[in-house]
$ cat structure06.tsv   # TSV, C-alpha atoms
chain	number	residue	atom	x	y	z
A	1	MET	CA	40.05	128.41	79.10
A	2	LYS	CA	42.90	125.97	79.78
A	3	HIS	CA	42.31	123.29	82.35
A	4	PHE	CA	44.75	122.31	85.10
A	5	LEU	CA	44.60	119.28	87.38
A	6	VAL	CA	46.20	119.72	90.79
A	7	VAL	CA	47.35	116.38	92.23
A	8	ASP	CA	48.55	116.47	95.84
A	9	ASP	CA	47.57	114.70	99.05
A	10	SER	CA	47.88	117.97	100.99
A	11	THR	CA	44.67	120.00	101.02
A	12	VAL	CA	46.71	123.13	101.76
A	13	ILE	CA	48.94	122.70	98.71
A	14	ARG	CA	45.92	121.95	96.51
A	15	LYS	CA	44.18	125.05	97.79
A	16	VAL	CA	47.23	127.31	97.25
A	17	ALA	CA	47.95	125.92	93.75
A	18	LYS	CA	44.29	126.20	92.71
A	19	LYS	CA	44.08	129.79	93.90
A	20	ILE	CA	47.21	130.78	91.96
A	21	LEU	CA	45.96	129.01	88.82
A	22	GLU	CA	42.48	130.49	89.04
A	23	ASN	CA	43.99	133.97	89.41
A	24	LEU	CA	45.78	133.24	86.13
A	25	ASP	CA	42.45	132.32	84.47
A	26	PHE	CA	42.84	128.54	84.45
A	27	GLU	CA	39.97	126.17	85.10
A	28	THR	CA	41.09	123.80	87.85
A	29	SER	CA	40.23	120.34	89.18
A	30	GLU	CA	41.91	118.39	91.94
A	31	ALA	CA	42.85	114.86	93.00
A	32	ASN	CA	44.41	113.70	96.27
A	33	ASN	CA	46.42	110.74	94.93
A	34	GLY	CA	47.84	109.32	91.72
A	35	GLN	CA	45.09	106.72	91.26
A	36	SER	CA	42.25	109.29	91.48
A	37	ALA	CA	44.21	111.54	89.11
A	38	LEU	CA	44.62	108.69	86.62
A	39	GLU	CA	40.88	107.94	86.70
A	40	TYR	CA	40.18	111.65	86.21
A	41	CYS	CA	42.49	111.81	83.17
A	42	GLU	CA	40.82	108.75	81.61
A	43	GLN	CA	37.55	110.70	81.68
A	44	ARG	CA	38.89	114.14	80.81
A	45	MET	CA	42.47	114.88	79.82
A	46	PRO	CA	43.62	118.24	81.28
A	47	ASP	CA	46.00	120.69	79.55
A	48	GLY	CA	48.32	120.87	82.53
A	49	ILE	CA	49.03	118.91	85.71
A	50	ILE	CA	50.79	120.01	88.86
A	51	LEU	CA	51.92	116.75	90.41
A	52	ASP	CA	53.19	115.86	93.89
A	53	TRP	CA	55.84	113.16	94.41
A	54	ASN	CA	54.85	111.40	97.64
A	55	MET	CA	51.18	110.36	97.69
A	56	PRO	CA	49.25	107.34	99.00
A	57	ILE	CA	47.89	104.59	96.71
A	58	LEU	CA	49.81	105.72	93.62
A	59	ASP	CA	52.72	108.16	93.83
A	60	GLY	CA	53.67	110.87	91.34
A	61	ILE	CA	56.16	108.82	89.33
A	62	GLY	CA	53.76	105.88	89.09
A	63	PHE	CA	50.99	108.18	87.91
A	64	LEU	CA	53.24	109.89	85.37
A	65	LYS	CA	54.42	106.64	83.79
A	66	ARG	CA	50.82	105.42	83.38
A	67	LEU	CA	49.54	108.80	82.23
A	68	ARG	CA	51.96	108.94	79.32
A	69	ASN	CA	50.66	105.55	78.13
A	70	LEU	CA	47.02	106.69	78.06
A	71	PRO	CA	45.43	107.79	74.76
A	72	ASN	CA	46.26	111.52	74.44
A	73	GLY	CA	48.38	111.09	77.58
A	74	ASP	CA	51.23	113.05	76.04
A	75	HIS	CA	49.01	116.14	75.83
A	76	PRO	CA	49.22	117.54	79.38
A	77	THR	CA	52.18	119.65	80.41
A	78	VAL	CA	53.28	118.18	83.73
A	79	ILE	CA	55.02	120.24	86.40
A	80	PHE	CA	56.46	117.94	88.99
A	81	CYS	CA	56.36	119.17	92.57
A	82	THR	CA	58.91	118.17	95.20
A	83	THR	CA	60.08	119.35	98.61
A	84	GLU	CA	63.67	118.27	98.11
A	85	ASN	CA	66.38	119.48	95.79
A	86	ASP	CA	67.39	115.92	95.08
A	87	ILE	CA	68.86	115.95	91.60
A	88	GLN	CA	68.27	112.19	91.17
A	89	ARG	CA	64.60	112.58	91.98
A	90	ILE	CA	64.15	115.52	89.61
A	91	SER	CA	66.02	113.64	86.91
A	92	GLU	CA	63.82	110.57	87.42
A	93	ALA	CA	60.68	112.70	87.09
A	94	ILE	CA	61.92	114.29	83.86
A	95	GLN	CA	62.80	110.87	82.43
A	96	ALA	CA	59.32	109.61	83.36
A	97	GLY	CA	57.79	112.40	81.29
A	98	ALA	CA	57.54	115.55	83.45
A	99	ASN	CA	58.10	118.81	81.55
A	100	GLU	CA	59.32	120.92	84.46
A	101	TYR	CA	59.65	120.76	88.22
A	102	ILE	CA	58.84	123.12	91.05
A	103	MET	CA	60.00	123.00	94.63
A	104	LYS	CA	57.74	123.59	97.60
A	105	PRO	CA	57.12	126.05	99.05
A	106	PHE	CA	56.35	128.06	95.91
A	107	ASP	CA	54.75	131.44	95.50
A	108	THR	CA	52.77	133.08	92.69
A	109	ASP	CA	55.91	134.51	91.02
A	110	ILE	CA	57.70	131.18	90.87
A	111	PHE	CA	54.60	129.32	89.72
A	112	HIS	CA	53.90	131.94	87.06
A	113	GLY	CA	57.54	131.74	85.93
A	114	LYS	CA	57.32	127.97	85.55
A	115	LEU	CA	54.07	128.25	83.56
A	116	LYS	CA	55.80	130.76	81.29
A	117	GLN	CA	58.78	128.45	80.83
A	118	VAL	CA	56.53	125.63	79.65
A	119	GLY	CA	54.45	127.96	77.44
A	120	MET	CA	51.22	127.69	79.45
A	121	VAL	CA	50.88	131.47	79.90
B	54	MET	CA	64.60	158.74	111.00
B	55	SER	CA	64.27	162.16	109.41
B	56	LEU	CA	63.93	162.58	105.65
B	57	GLU	CA	67.01	164.79	105.71
B	58	ARG	CA	69.07	161.91	107.19
B	59	VAL	CA	67.73	159.42	104.64
B	60	GLN	CA	68.52	161.83	101.81
B	61	TYR	CA	72.04	162.25	103.18
B	62	LEU	CA	72.60	158.47	103.12
B	63	CYS	CA	71.24	158.29	99.58
B	64	LYS	CA	73.61	161.07	98.56
B	65	ILE	CA	76.53	158.96	99.85
B	66	VAL	CA	75.41	156.13	97.57
B	67	GLU	CA	75.17	158.44	94.58
B	68	ASP	CA	78.63	159.93	95.20
B	69	LYS	CA	80.15	156.52	95.77
B	70	VAL	CA	78.69	154.44	92.95
B	71	GLY	CA	76.56	156.80	90.86
B	72	LEU	CA	73.27	155.09	91.69
B	73	HIS	CA	70.42	157.49	92.27
B	74	LEU	CA	67.81	156.28	94.78
B	75	THR	CA	64.48	157.90	94.06
B	76	ASP	CA	62.19	159.03	96.90
B	77	ASP	CA	59.96	155.97	96.45
B	78	LYS	CA	62.93	153.70	97.32
B	79	MET	CA	63.82	155.59	100.51
B	80	TYR	CA	61.58	153.39	102.59
B	81	LEU	CA	64.15	150.62	101.99
B	82	VAL	CA	66.92	152.46	103.81
B	83	GLU	CA	66.21	151.31	107.36
B	84	THR	CA	65.70	147.64	106.42
B	85	ARG	CA	68.71	147.47	104.15
B	86	LEU	CA	71.08	149.13	106.59
B	87	ALA	CA	70.13	146.94	109.58
B	88	PRO	CA	72.92	144.37	108.87
B	89	VAL	CA	75.52	147.16	108.56
B	90	LEU	CA	74.43	148.59	111.93
B	91	GLU	CA	74.68	145.19	113.56
B	92	LYS	CA	78.04	144.35	112.03
B	93	HIS	CA	79.70	147.58	113.21
B	94	GLY	CA	77.89	147.82	116.55
B	95	TYR	CA	75.82	150.91	115.86
B	96	ALA	CA	72.80	151.27	118.15
B	97	ASN	CA	70.73	153.03	115.49
B	98	LEU	CA	70.83	154.81	112.13
B	99	GLU	CA	71.41	158.15	113.82
B	100	SER	CA	74.78	157.02	115.20
B	101	LEU	CA	75.81	155.61	111.80
B	102	ASP	CA	74.73	158.87	110.17
B	103	ARG	CA	76.82	160.85	112.69
B	104	ASP	CA	79.95	158.79	111.95
B	105	LEU	CA	79.46	159.12	108.20
B	106	ARG	CA	79.25	162.91	108.49
B	107	ILE	CA	82.49	163.15	110.47
B	108	GLY	CA	84.24	160.88	107.95
B	109	ALA	CA	83.70	157.20	108.78
B	110	CYS	CA	86.21	154.75	107.38
B	111	GLN	CA	85.91	153.94	103.70
B	112	THR	CA	84.89	150.34	104.43
B	113	ILE	CA	81.71	151.49	106.18
B	114	VAL	CA	80.90	153.98	103.43
B	115	THR	CA	81.27	151.18	100.86
B	116	GLU	CA	79.10	148.81	102.89
B	117	VAL	CA	76.38	151.46	103.21
B	118	ALA	CA	76.45	151.98	99.43
B	119	GLU	CA	76.38	148.24	98.71
B	120	ALA	CA	73.50	147.64	101.13
B	121	LEU	CA	71.35	150.25	99.43
B	122	VAL	CA	71.90	149.04	95.88
B	123	THR	CA	69.23	146.71	94.47
B	124	HIS	CA	70.53	143.29	93.37
B	125	GLU	CA	67.28	141.82	92.04
B	126	THR	CA	68.00	139.38	89.22
B	127	LEU	CA	67.02	135.97	87.86
B	128	PHE	CA	68.16	133.40	85.33
B	129	PHE	CA	67.28	134.05	81.65
B	130	ARG	CA	65.53	137.25	82.67
B	131	ASP	CA	62.91	138.31	80.07
B	132	THR	CA	63.95	135.40	77.80
B	133	TYR	CA	63.97	137.40	74.56
B	134	PRO	CA	67.58	138.74	74.77
B	135	TYR	CA	68.80	135.15	75.06
B	136	THR	CA	66.60	134.01	72.19
B	137	TYR	CA	67.96	136.87	70.08
B	138	LEU	CA	71.54	135.96	70.96
B	139	GLU	CA	70.94	132.27	70.26
B	140	LYS	CA	69.01	132.56	67.02
B	141	LEU	CA	70.58	135.60	65.40
B	142	TYR	CA	73.47	137.29	67.04
B	143	ILE	CA	75.86	134.53	68.16
B	144	PRO	CA	75.61	132.69	64.78
B	145	ASP	CA	76.50	136.03	63.21
B	146	ILE	CA	79.54	136.48	65.48
B	147	ILE	CA	80.68	132.94	64.72
B	148	GLY	CA	80.72	133.85	61.05
B	149	ARG	CA	82.47	137.18	61.60
B	150	ASN	CA	85.08	135.95	64.08
B	151	ALA	CA	85.75	132.62	62.35
B	152	LYS	CA	89.39	133.51	61.68
B	153	SER	CA	90.30	134.74	65.13
B	154	LYS	CA	88.08	132.19	66.95
B	155	HIS	CA	87.81	134.74	69.74
B	156	ILE	CA	84.78	136.31	71.44
B	157	ARG	CA	84.73	138.91	74.20
B	158	ILE	CA	81.74	139.26	76.51
B	159	TRP	CA	81.10	141.68	79.35
B	160	CYS	CA	78.18	141.55	81.79
B	161	ALA	CA	78.26	144.84	83.70
B	162	GLY	CA	76.12	145.09	86.83
B	163	ALA	CA	76.12	141.30	86.95
B	164	SER	CA	74.78	141.19	90.50
B	165	THR	CA	74.76	137.66	91.95
B	166	GLY	CA	75.61	136.11	88.59
B	167	GLN	CA	72.34	134.80	87.18
B	168	GLU	CA	72.70	136.71	83.91
B	169	PRO	CA	76.32	135.81	83.10
B	170	TYR	CA	75.68	132.19	84.09
B	171	SER	CA	72.59	132.14	81.84
B	172	LEU	CA	74.65	133.36	78.91
B	173	ALA	CA	77.51	130.96	79.67
B	174	MET	CA	75.09	127.99	79.84
B	175	LEU	CA	73.45	129.10	76.61
B	176	ILE	CA	76.83	129.21	74.83
B	177	ARG	CA	77.88	125.84	76.23
B	178	GLU	CA	74.55	124.20	75.43
B	179	LYS	CA	73.73	125.64	72.02
B	180	PHE	CA	77.11	126.31	70.45
B	181	PRO	CA	79.35	123.24	70.76
B	182	GLU	CA	81.36	124.62	67.83
B	183	LEU	CA	82.70	127.29	70.21
B	184	HIS	CA	84.37	124.80	72.54
B	185	ASP	CA	87.77	125.36	70.99
B	186	TRP	CA	87.33	129.13	70.75
B	187	ARG	CA	88.86	131.62	73.15
B	188	ILE	CA	86.01	133.24	75.08
B	189	ASP	CA	86.95	136.16	77.34
B	190	PHE	CA	83.91	136.54	79.59
B	191	PHE	CA	83.91	139.27	82.24
B	192	ALA	CA	81.19	139.75	84.84
B	193	THR	CA	81.44	142.85	86.99
B	194	ASP	CA	79.49	144.48	89.78
B	195	VAL	CA	80.06	147.42	92.07
B	196	SER	CA	79.51	145.30	95.17
B	197	SER	CA	82.43	143.12	96.22
B	198	GLN	CA	80.14	140.98	98.41
B	199	VAL	CA	77.74	140.38	95.56
B	200	ILE	CA	80.44	139.57	93.03
B	201	GLU	CA	81.99	137.15	95.53
B	202	LYS	CA	78.64	135.36	95.80
B	203	ALA	CA	78.40	135.34	92.01
B	204	GLU	CA	81.85	133.79	91.68
B	205	GLN	CA	80.94	131.00	94.12
B	206	GLY	CA	77.89	130.25	91.99
B	207	ILE	CA	75.87	128.97	94.94
B	208	PHE	CA	72.12	129.52	94.76
B	209	SER	CA	69.17	128.70	97.00
B	210	HIS	CA	66.39	126.54	95.71
B	211	PHE	CA	64.26	129.69	95.54
B	212	GLU	CA	66.81	131.34	93.22
B	213	ILE	CA	67.35	128.22	91.13
B	214	GLN	CA	63.66	128.02	90.31
B	215	ARG	CA	63.43	131.52	88.91
B	216	GLY	CA	63.79	131.32	85.15
B	217	LEU	CA	66.05	128.28	84.89
B	218	PRO	CA	64.78	125.39	82.74
B	219	VAL	CA	65.04	121.97	84.38
B	220	ASP	CA	67.39	120.64	81.68
B	221	TYR	CA	69.93	123.28	82.67
B	222	VAL	CA	69.51	122.52	86.39
B	223	LEU	CA	70.21	118.86	85.79
B	224	LYS	CA	73.13	119.45	83.49
B	225	TYR	CA	74.95	122.43	84.96
B	226	PHE	CA	74.26	122.43	88.72
B	227	GLU	CA	75.34	120.24	91.62
B	228	SER	CA	72.94	119.73	94.50
B	229	GLN	CA	74.51	120.55	97.88
B	230	GLY	CA	71.78	119.83	100.40
B	231	LYS	CA	69.74	122.99	100.55
B	232	THR	CA	71.71	124.84	97.88
B	233	TRP	CA	72.90	124.34	94.33
B	234	GLN	CA	76.29	125.19	92.86
B	235	VAL	CA	77.06	125.94	89.24
B	236	LYS	CA	79.43	123.28	87.90
B	237	PRO	CA	83.05	124.29	87.21
B	238	VAL	CA	82.57	123.80	83.47
B	239	ILE	CA	80.37	126.93	83.52
B	240	ARG	CA	81.97	128.81	86.44
B	241	ASN	CA	85.40	128.59	84.84
B	242	MET	CA	84.14	130.31	81.71
B	243	ILE	CA	83.64	133.60	83.59
B	244	SER	CA	86.05	136.04	85.20
B	245	PHE	CA	84.25	137.87	88.04
B	246	GLN	CA	85.55	141.30	89.01
B	247	GLN	CA	84.49	144.11	91.33
B	248	GLN	CA	84.10	147.26	89.25
B	249	ASN	CA	82.60	150.70	89.69
B	250	LEU	CA	80.98	151.95	86.48
B	251	GLN	CA	82.14	155.45	87.47
B	252	SER	CA	85.70	154.32	86.74
B	253	PHE	CA	85.64	154.65	82.98
B	254	ASN	CA	89.30	153.64	82.66
B	255	SER	CA	88.39	150.18	84.02
B	256	TYR	CA	86.01	149.43	81.14
B	257	HIS	CA	86.74	146.38	79.01
B	258	ASP	CA	87.42	146.91	75.31
B	259	ASN	CA	86.87	145.11	71.99
B	260	ILE	CA	83.65	143.63	73.35
B	261	ASP	CA	81.33	141.60	71.11
B	262	ILE	CA	78.48	141.22	73.64
B	263	LEU	CA	77.90	143.80	76.37
B	264	MET	CA	75.02	143.14	78.77
B	265	CYS	CA	74.05	145.77	81.33
B	266	ARG	CA	70.45	145.09	82.17
B	267	ASN	CA	68.27	147.04	84.57
B	268	VAL	CA	71.19	149.02	85.93
B	269	MET	CA	70.96	152.29	83.97
B	270	LEU	CA	67.55	153.10	85.40
B	271	TYR	CA	69.20	153.77	88.76
B	272	PHE	CA	71.49	156.44	87.29
B	273	GLN	CA	70.81	160.13	86.69
B	274	PRO	CA	70.31	161.04	82.97
B	275	GLY	CA	73.67	162.82	82.62
B	276	PHE	CA	75.60	159.86	83.99
B	277	ARG	CA	73.59	157.46	81.82
B	278	ARG	CA	74.69	159.33	78.71
B	279	MET	CA	78.31	159.13	79.81
B	280	ILE	CA	78.04	155.40	80.42
B	281	ILE	CA	76.36	154.80	77.06
B	282	ASP	CA	79.23	156.72	75.38
B	283	GLU	CA	81.78	154.58	77.22
B	284	PHE	CA	79.91	151.36	76.42
B	285	HIS	CA	79.95	152.44	72.77
B	286	ASN	CA	83.73	152.83	73.02
B	287	SER	CA	84.00	149.39	74.63
B	288	LEU	CA	82.17	147.66	71.80
B	289	LYS	CA	83.70	146.32	68.61
B	290	GLU	CA	82.11	147.34	65.32
B	291	LYS	CA	78.81	145.44	65.11
B	292	GLY	CA	79.08	144.63	68.82
B	293	ILE	CA	75.81	144.28	70.68
B	294	LEU	CA	74.66	146.29	73.71
B	295	ILE	CA	71.86	144.71	75.73
B	296	LEU	CA	70.09	146.95	78.22
B	297	GLY	CA	66.89	146.19	80.15
B	298	ASN	CA	63.59	146.24	78.29
B	299	THR	CA	62.55	149.41	80.13
B	300	GLU	CA	65.84	151.07	79.25
B	301	ALA	CA	65.29	151.17	75.47
B	302	SER	CA	65.01	154.96	75.41
B	303	MET	CA	68.27	155.51	77.27
B	304	SER	CA	70.43	155.63	74.18
B	305	ASN	CA	69.85	158.23	71.50
B	306	ARG	CA	73.18	157.70	69.79
B	307	GLN	CA	72.76	157.35	66.04
B	308	ASP	CA	75.59	154.82	65.90
B	309	LEU	CA	73.82	152.40	68.27
B	310	ILE	CA	71.08	150.98	66.07
B	311	PRO	CA	68.07	149.45	67.91
B	312	ALA	CA	67.58	145.80	66.94
B	313	LEU	CA	64.20	145.29	65.27
B	314	ASN	CA	61.43	144.52	67.80
B	315	GLN	CA	63.97	143.89	70.57
B	316	ALA	CA	63.50	146.50	73.30
B	317	GLY	CA	66.78	147.64	74.81
B	318	ILE	CA	69.05	145.85	72.32
B	319	PHE	CA	71.41	147.91	70.16
B	320	ILE	CA	74.02	147.08	67.54
B	321	LYS	CA	77.04	149.31	67.12
B	322	ALA	CA	76.94	150.51	63.54
B	323	SER	CA	80.07	150.12	61.47
B	324	ALA	CA	81.73	153.22	60.11
B	325	ALA	CA	80.79	152.15	56.57
B	326	LEU	CA	77.14	151.77	57.56
B	327	GLN	CA	77.22	155.20	59.14
B	328	GLN	CA	78.58	156.81	55.98
B	329	ALA	CA	75.98	155.08	53.84
B	330	SER	CA	73.05	156.22	56.00

$ encode --input "structure06.tsv" --output "C-alpha cells"
Amino acid sequence: MKHFLVVDDSTVIRKVAKKILENLDFETSEANNGQSALEYCEQRMPDGIILDWNMPILDGIGFLKRLRNLPNGDHPTVIFCTTENDIQRISEAIQAGANEYIMKPFDTDIFHGKLKQVGMV
Amino acid sequence: MSLERVQYLCKIVEDKVGLHLTDDKMYLVETRLAPVLEKHGYANLESLDRDLRIGACQTIVTEVAEALVTHETLFFRDTYPYTYLEKLYIPDIIGRNAKSKHIRIWCAGASTGQEPYSLAMLIREKFPELHDWRIDFFATDVSSQVIEKAEQGIFSHFEIQRGLPVDYVLKYFESQGKTWQVKPVIRNMISFQQQNLQSFNSYHDNIDILMCRNVMLYFQPGFRRMIIDEFHNSLKEKGILILGNTEASMSNRQDLIPALNQAGIFIKASAALQQAS
C-alpha cells in the first residue's frame, strides 16, 4: 500500500485530503507544518506528499527545498497545494521540486486526476 | 412538468441538432432550461413550451437545443489518444506529408475547447519540426455560445486543473486573476467555427486527424452511421478518426481499421490495402 503524507496547517484540509486518499487505498499520515513534515520524512520517507504553501514554522517551499536534499528525498511525488492561481508561485514550487500542483478547493475527481497525472494511481 | 412536455422539448433538440436525449437525461431539462426562461422572461417551462408549439422564433429554439446538449469535457481526456498521436501517428504523418508540409485537423463537437487546445499544445510542445508547416486546424461545435467560449480560451481554475499537466499550464496559459487564458501562440493555431453535424455539406475535407469524442453516443444509430460515412469521406487515405473510448463499436465499416489496443481509434484504409485484404 502506498503511503501519502498530508502537510497542511488546516485540520479541515487534512481531513478532506486524508479521506480522499484513504478511499483510493493509500495509507496516510499527517503533519501541520513544514518542520514536523521534515522530521517525519527523516524517520519514514512517504511515496507521496500533498503540501500546503502557507504554514507556520516552515512553509511549503522551505520544506520542499530541504526535503529534496534529504537521503532518498527525491523519492516522494509532491503535489503542491495553493489557494491562488498565481503563476509565479506555481512556477516557484515546480522549480523547488514539486511534481504537480492542485488548487483549493479540490474535490475527489480533481485529486484523483492529479494522482493519475503523476502516476500514483 | 409532464413527461409529454419534456419529451416534446427533447424532440426539438433531436430535430434541431440530431442529439437524442435518453429518458435518463430528462431530469436535466428543468435545470438546464432555467437560464433560457430567465433570459426571455418566461414564468415557467409551460409558457416556453406553449410558445415553442406555436412556432417561437428560431433564436429561442436554438437556445433550448444548446442548453440541453451536454458539454462535459476536459484537457487530455483519457490520455491514450494523445499518447497514440504523439508516439505513433503524428511521426507517421510527418513522414508521409514531408513534401507538402501540410496537415489538416478537425475536432468536431469540440465543446469549450479543451480537446483542440490539448492537441494544439501537444503539437507545439512535442513537434518543433512542425513550426514551419502549414497546419489547418478546425474546431467545431453545434453551440455558438460554447464555440465562442472555446475561441476565447478562458478557463476557470477548476477547469484548468482537470487533466492539464503543470508544465503546460506554466508554458501555455496566462493567469488573469481568477481565470486563465490560453496564450495566443496556441489560440492562433485553431479556427473555431459553429457547425451542425447534420449539415453534411459543411464537413471539412482532406483531413489527417479527425477527433469527435463522446459525441456519437448522443445520436440515434441511423444518424451515427451517416456521420461515420461522412467522416470517412472527410478523411484522407490513412487519416485517423478518434472517437470516444465507449464509442469503439459505432463504426463497422471495413475501410476504417481499428488501431491495435486503442479503443475508438480508426485508420482509414488505403485503396491498395483494401484490395490486398

$ interface_residues --input "structure06.tsv" --of "chain A" --to "chain B" --cutoff "9 Å" --atoms "all atoms listed in the file" --output "mmCIF file with C-alpha atoms, keeping the file's coordinate frame"
data_model
loop_
_atom_site.group_PDB
_atom_site.id
_atom_site.type_symbol
_atom_site.label_atom_id
_atom_site.label_comp_id
_atom_site.auth_asym_id
_atom_site.auth_seq_id
_atom_site.Cartn_x
_atom_site.Cartn_y
_atom_site.Cartn_z
ATOM 1 C CA GLU A 84 63.670 118.270 98.110
ATOM 2 C CA ASN A 85 66.380 119.480 95.790
ATOM 3 C CA ASP A 86 67.390 115.920 95.080
ATOM 4 C CA ILE A 87 68.860 115.950 91.600
ATOM 5 C CA GLN A 88 68.270 112.190 91.170
ATOM 6 C CA ILE A 90 64.150 115.520 89.610
ATOM 7 C CA SER A 91 66.020 113.640 86.910
ATOM 8 C CA ILE A 94 61.920 114.290 83.860
ATOM 9 C CA ASN A 99 58.100 118.810 81.550
ATOM 10 C CA GLU A 100 59.320 120.920 84.460
ATOM 11 C CA TYR A 101 59.650 120.760 88.220
ATOM 12 C CA ILE A 102 58.840 123.120 91.050
ATOM 13 C CA MET A 103 60.000 123.000 94.630
ATOM 14 C CA PRO A 105 57.120 126.050 99.050
ATOM 15 C CA PHE A 106 56.350 128.060 95.910
ATOM 16 C CA ASP A 109 55.910 134.510 91.020
ATOM 17 C CA ILE A 110 57.700 131.180 90.870
ATOM 18 C CA GLY A 113 57.540 131.740 85.930
ATOM 19 C CA LYS A 114 57.320 127.970 85.550
ATOM 20 C CA LYS A 116 55.800 130.760 81.290
ATOM 21 C CA GLN A 117 58.780 128.450 80.830
ATOM 22 C CA VAL A 118 56.530 125.630 79.650
#

$ atom_distance --input "structure06.tsv" --atom1 "atom CA of B:Asp131" --atom2 "atom CA of B:Phe208"
19.4 Å

$ residues_around --input "structure06.tsv" --residues "A:Ser36" --least-positions-apart "3" --cutoff "12 Å" --atoms "only C-alpha atoms" --output "PDB file with C-alpha atoms, in the frame of the given file"
ATOM      1  CA  LEU A   5      44.600 119.280  87.380  1.00  0.00           C
ATOM      2  CA  VAL A   6      46.200 119.720  90.790  1.00  0.00           C
ATOM      3  CA  VAL A   7      47.350 116.380  92.230  1.00  0.00           C
ATOM      4  CA  ASP A   8      48.550 116.470  95.840  1.00  0.00           C
ATOM      5  CA  ASP A   9      47.570 114.700  99.050  1.00  0.00           C
ATOM      6  CA  SER A  29      40.230 120.340  89.180  1.00  0.00           C
ATOM      7  CA  GLU A  30      41.910 118.390  91.940  1.00  0.00           C
ATOM      8  CA  ALA A  31      42.850 114.860  93.000  1.00  0.00           C
ATOM      9  CA  ASN A  32      44.410 113.700  96.270  1.00  0.00           C
ATOM     10  CA  ASN A  33      46.420 110.740  94.930  1.00  0.00           C
ATOM     11  CA  GLU A  39      40.880 107.940  86.700  1.00  0.00           C
ATOM     12  CA  TYR A  40      40.180 111.650  86.210  1.00  0.00           C
ATOM     13  CA  CYS A  41      42.490 111.810  83.170  1.00  0.00           C
ATOM     14  CA  GLU A  42      40.820 108.750  81.610  1.00  0.00           C
ATOM     15  CA  GLN A  43      37.550 110.700  81.680  1.00  0.00           C
ATOM     16  CA  MET A  55      51.180 110.360  97.690  1.00  0.00           C
ATOM     17  CA  PRO A  56      49.250 107.340  99.000  1.00  0.00           C
ATOM     18  CA  ILE A  57      47.890 104.590  96.710  1.00  0.00           C
ATOM     19  CA  LEU A  58      49.810 105.720  93.620  1.00  0.00           C
ATOM     20  CA  ASP A  59      52.720 108.160  93.830  1.00  0.00           C
ATOM     21  CA  GLY A  60      53.670 110.870  91.340  1.00  0.00           C
ATOM     22  CA  PHE A  63      50.990 108.180  87.910  1.00  0.00           C
ATOM     23  CA  LEU A  67      49.540 108.800  82.230  1.00  0.00           C
TER      24      LEU A  67
END

$ atom_distance --input "structure06.tsv" --atom1 "atom CA of B:Tyr170" --atom2 "atom CA of B:Thr299"
22.0 Å

$ axis_aligned_box --input "structure06.tsv" --around "stretch 51-67 of chain A" --padding-each-side "8 Å" --output "AutoDock Vina command-line options"
--center_x 52.0 --center_y 110.7 --center_z 90.6 --size_x 24.3 --size_y 28.2 --size_z 32.8

$ atom_distance --input "structure06.tsv" --atom1 "atom CA of A:Arg66" --atom2 "atom CA of A:Lys2"
22.3 Å
